[in-house]
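Undergrad: Input structure-v1.cif, format and content: mmCIF, C-alpha atoms.
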```cif
data_coords
#
loop_
_atom_site.label_atom_id
_atom_site.label_comp_id
_atom_site.auth_asym_id
_atom_site.auth_seq_id
_atom_site.Cartn_x
_atom_site.Cartn_y
_atom_site.Cartn_z
CA MET A 1109 30.98 6.58 12.16
CA LEU A 1110 34.07 4.40 12.13
CA TYR A 1111 34.47 1.61 9.59
CA THR A 1112 36.97 -1.21 9.32
CA LEU A 1113 37.50 -1.76 5.60
CA ASN A 1114 39.97 -3.14 3.16
CA SER A 1115 39.59 -3.06 -0.59
CA ALA A 1116 38.40 -6.68 -0.87
CA TYR A 1117 35.70 -6.11 1.76
CA ALA A 1118 34.59 -2.80 0.26
CA THR A 1119 34.26 -4.34 -3.20
CA ALA A 1120 32.11 -7.12 -1.74
CA GLY A 1121 29.97 -4.61 0.23
CA LYS A 1122 31.32 -5.85 3.53
CA GLY A 1123 32.85 -4.05 6.48
CA ILE A 1124 32.43 -3.72 10.20
CA CYS A 1125 31.13 -0.50 11.73
CA ALA A 1126 32.38 0.43 15.19
CA THR A 1127 28.82 1.55 16.03
CA ALA A 1128 25.43 0.63 14.54
CA ASP A 1129 26.92 -2.30 12.61
CA CYS A 1130 24.63 -4.15 10.17
CA GLY A 1131 26.07 -7.62 10.60
CA GLY A 1132 29.25 -6.98 8.65
CA VAL A 1133 27.65 -5.46 5.56
CA LEU A 1134 27.78 -1.80 4.57
CA GLN A 1135 24.10 -1.52 3.64
CA CYS A 1136 21.54 -2.55 6.25
CA ASN A 1137 18.85 -3.28 3.60
CA GLY A 1138 16.02 -2.16 5.85
CA ALA A 1139 17.34 -3.72 9.06
CA GLY A 1140 18.47 -1.47 11.87
CA GLY A 1141 22.06 -1.33 12.99
CA THR A 1142 23.13 -2.78 16.31
CA PRO A 1143 22.49 -0.22 19.10
CA PRO A 1144 23.55 2.28 20.17
CA ALA A 1145 22.39 4.03 17.02
CA SER A 1146 20.91 7.43 16.22
CA LEU A 1147 17.85 6.85 14.03
CA ALA A 1148 15.70 8.74 11.55
CA GLU A 1149 12.30 6.99 11.43
CA PHE A 1150 9.56 7.39 8.82
CA THR A 1151 6.02 6.18 8.15
CA LEU A 1152 5.06 7.57 4.74
CA ASP A 1153 1.65 8.22 3.15
CA SER A 1154 -0.40 7.08 6.12
CA PRO A 1155 -2.16 9.40 4.89
CA MET A 1156 0.33 11.93 6.31
CA ASP A 1157 4.04 11.28 6.66
CA PHE A 1158 5.12 10.72 10.25
CA TYR A 1159 8.81 11.17 11.02
CA ASP A 1160 11.17 11.57 13.93
CA VAL A 1161 14.74 11.39 15.14
CA SER A 1162 15.08 8.72 17.82
CA LEU A 1163 17.71 8.30 20.51
CA VAL A 1164 15.72 5.55 22.26
CA ASP A 1165 18.39 3.09 21.07
CA GLY A 1166 21.20 5.45 22.09
CA PHE A 1167 23.35 7.91 20.15
CA ASN A 1168 26.28 7.38 17.83
CA ILE A 1169 26.24 10.33 15.40
CA PRO A 1170 24.41 13.64 15.03
CA ILE A 1171 21.40 13.25 12.71
CA SER A 1172 18.77 15.63 11.37
CA VAL A 1173 15.73 15.45 9.07
CA TYR A 1174 14.86 18.38 6.80
CA PRO A 1175 11.53 18.23 4.91
CA SER A 1176 11.32 20.12 1.64
CA GLY A 1177 8.02 21.12 0.09
CA GLY A 1178 4.94 19.37 1.33
CA SER A 1179 2.09 20.73 3.38
CA GLY A 1180 1.24 20.83 7.06
CA ASN A 1181 3.63 21.34 9.93
CA CYS A 1182 6.73 20.21 8.05
CA SER A 1183 9.29 20.97 10.76
CA ASN A 1184 13.01 20.34 10.70
CA VAL A 1185 14.07 17.80 13.33
CA GLN A 1186 17.63 18.25 14.45
CA CYS A 1187 20.01 16.46 16.76
CA SER A 1188 23.23 18.24 15.87
CA SER A 1189 24.95 17.96 19.27
CA ASP A 1190 27.82 15.50 19.53
CA MET A 1191 26.47 13.79 22.62
CA ASN A 1192 29.51 11.51 22.79
CA LEU A 1193 31.48 14.45 24.19
CA GLN A 1194 29.26 14.69 27.31
CA CYS A 1195 27.95 11.12 27.61
CA PRO A 1196 27.59 9.90 31.22
CA GLN A 1197 30.38 7.42 31.97
CA GLU A 1198 27.99 4.54 32.64
CA LEU A 1199 26.50 4.91 29.13
CA GLN A 1200 29.75 5.32 27.19
CA VAL A 1201 30.91 2.99 24.41
CA LYS A 1202 34.66 3.35 23.93
CA THR A 1203 37.27 2.23 21.43
CA ASN A 1204 40.31 0.26 22.57
CA ASN A 1205 42.20 3.55 22.99
CA GLY A 1206 39.47 5.00 25.24
CA SER A 1207 37.73 7.37 22.79
CA VAL A 1208 33.97 7.61 23.29
CA ILE A 1209 32.28 6.62 20.02
CA ALA A 1210 28.68 6.15 21.17
CA CYS A 1211 26.33 6.71 24.08
CA LYS A 1212 24.04 3.85 25.11
CA SER A 1213 20.46 4.39 26.16
CA ALA A 1214 19.75 3.51 29.79
CA CYS A 1215 17.65 0.60 28.53
CA LEU A 1216 20.62 -0.83 26.64
CA ALA A 1217 23.07 -0.13 29.49
CA PHE A 1218 21.00 -1.43 32.41
CA ASN A 1219 18.22 -3.56 30.82
CA LYS A 1220 15.68 -2.64 33.51
CA PRO A 1221 11.92 -2.22 32.92
CA GLU A 1222 11.85 1.35 34.26
CA TYR A 1223 14.38 2.38 31.58
CA CYS A 1224 12.98 0.20 28.77
CA CYS A 1225 9.26 0.89 29.43
CA THR A 1226 8.60 -2.85 29.59
CA GLY A 1227 6.74 -5.13 32.01
CA GLU A 1228 4.85 -3.13 34.62
CA PHE A 1229 6.31 0.07 33.08
CA ASN A 1230 4.77 -0.60 29.64
CA ASN A 1231 2.35 2.29 30.04
CA PRO A 1232 2.86 5.99 29.26
CA LYS A 1233 1.31 6.94 32.61
CA ILE A 1234 3.86 4.83 34.49
CA CYS A 1235 7.01 5.00 32.36
CA LYS A 1236 8.35 8.52 32.76
CA PRO A 1237 11.57 10.26 31.67
CA THR A 1238 14.65 9.34 33.70
CA LYS A 1239 17.79 11.34 34.38
CA TYR A 1240 19.34 9.48 31.43
CA SER A 1241 16.54 10.18 28.95
CA GLN A 1242 16.60 13.81 30.14
CA TYR A 1243 20.29 13.98 29.18
CA PHE A 1244 19.30 13.05 25.60
CA LYS A 1245 16.29 15.41 25.61
CA ILE A 1246 18.28 18.42 26.80
CA ALA A 1247 20.91 17.88 24.10
CA CYS A 1248 18.34 17.18 21.34
CA PRO A 1249 14.93 18.60 22.34
CA ASP A 1250 13.14 17.43 19.16
CA ALA A 1251 14.34 13.81 19.38
CA TYR A 1252 12.67 10.83 21.02
CA SER A 1253 14.51 10.25 24.28
CA TYR A 1254 12.46 7.33 25.67
CA ALA A 1255 9.64 5.08 24.47
CA TYR A 1256 6.72 7.37 25.38
CA ASP A 1257 8.19 10.68 24.25
CA ASP A 1258 5.59 11.09 21.46
CA ALA A 1259 4.18 14.50 22.43
CA THR A 1260 7.34 16.47 21.65
CA SER A 1261 9.02 14.15 19.18
CA THR A 1262 6.64 13.03 16.40
CA PHE A 1263 6.32 15.28 13.36
CA THR A 1264 3.96 15.18 10.37
CA CYS A 1265 4.02 16.45 6.82
CA LYS A 1266 2.26 15.56 3.57
CA GLY A 1267 3.95 15.11 0.22
CA ALA A 1268 7.43 16.30 1.21
CA ASP A 1269 10.88 15.21 0.15
CA TYR A 1270 13.30 14.59 3.02
CA LEU A 1271 16.98 15.30 3.41
CA ILE A 1272 18.68 13.30 6.15
CA SER A 1273 21.92 14.82 7.42
CA PHE A 1274 24.46 12.78 9.39
CA CYS A 1275 26.57 15.47 11.07
#
```
Output the file's structure in the form of structure tokens.
TA:
Amino acid sequence: MLYTLNSAYATAGKGICATADCGGVLQCNGAGGTPPASLAEFTLDSPMDFYDVSLVDGFNIPISVYPSGGSGNCSNVQCSSDMNLQCPQELQVKTNNGSVIACKSACLAFNKPEYCCTGEFNNPKICKPTKYSQYFKIACPDAYSYAYDDATSTFTCKGADYLISFC
């Protein structure tokens, strides 16, 4: 992730991220960063822990979740591919010098119901994977690639500790 910092900003906890910015602060404090953003999502003690890696809001950095201990099907969830290297041109987010630093979701890029699973497509029987969500799924098979990708992308565990890796 790229940051714009100077010592005065850093001391004050401020800075601007080139991707997934949190409104000019370095800690999001529970709020999500501005898409596109690779996400690790958790619902804990419900009564199981539910967790996933989501690319529904696009991709900016490789991210993985590694449970430690716990019981149940405590699977590692990895998205270690640098999808920015192969991002379709119409989804690319570039710096001023033309380097690709993030890959938008089709929903973010085109804002159409068939890509966002909204409106008449707000139904898992109607909203299906697109060529764009398939791009994300092929690169990161365990990650959510579109809104109704639950069957292959939600993982459970009970009583685990979690390591989140950003690379």
Undergrad: Spell out the residues picked by the PyMOL selection byres ((chain A and resi 1242) around 12) here, as a list of chain:residue names.
TA: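 With the PyMOL selection byres ((chain A and resi 1242) around 12) on this model, the match is A:Leu1163, A:Val1164, A:Cys1195, A:Pro1196, A:Ser1213, A:Ala1214, A:Tyr1223, A:Lys1236, A:Pro1237, A:Thr1238, A:Lys1239, A:Tyr1240, A:Ser1241, A:Tyr1243, A:Phe1244, A:Lys1245, A:Ile1246, A:Ala1247, A:Cys1248, A:Pro1249, A:Ala1251, A:Tyr1252, A:Ser1253, A:Tyr1254, A:Asp1257.
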Undergrad: Nearest to A:Gly1123 among A:Cys1136, A:Ala1217, A:Ala1210, A:Cys1265, with distances taken over only C-alpha atoms: which residue is it?
TA: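 When distances to A:Gly1123 are compared using only C-alpha atoms, the smallest one comes from A:Cys1136.
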Undergrad: What is the distance between atom CA of A:Lys1202 and atom CA of A:Ala1255, in Å to one decimal?
TA: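 Going from atom CA of A:Lys1202 over to atom CA of A:Ala1255 covers 25.1 Å.
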Undergrad: What lies within 8 Å of stretch 1149-1156 of chain A using all atoms listed in the file, ignoring chain neighbours under 3 positions off, as a list in words?
TA: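 Listing them by chain and then by number gives Tyr1159, Asp1160, Val1161, Ser1162, Thr1264, Cys1265, Lys1266 and Gly1267 of chain A.
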Undergrad: Can you list, as a PyMOL selection string, the residues that the PyMOL selection byres ((chain A and resi 1170-1184) around 7) selects here?
TA: chain A and resi 1146+1161+1169+1185-1190+1263-1275
Undergrad: What is the distance, in Å and to one decimal place, between atom CA of A:Tyr1256 and atom CA of A:Cys1130?
TA: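 Taking atom CA of A:Tyr1256 as the start and atom CA of A:Cys1130 as the end point, the length is 26.2 Å.
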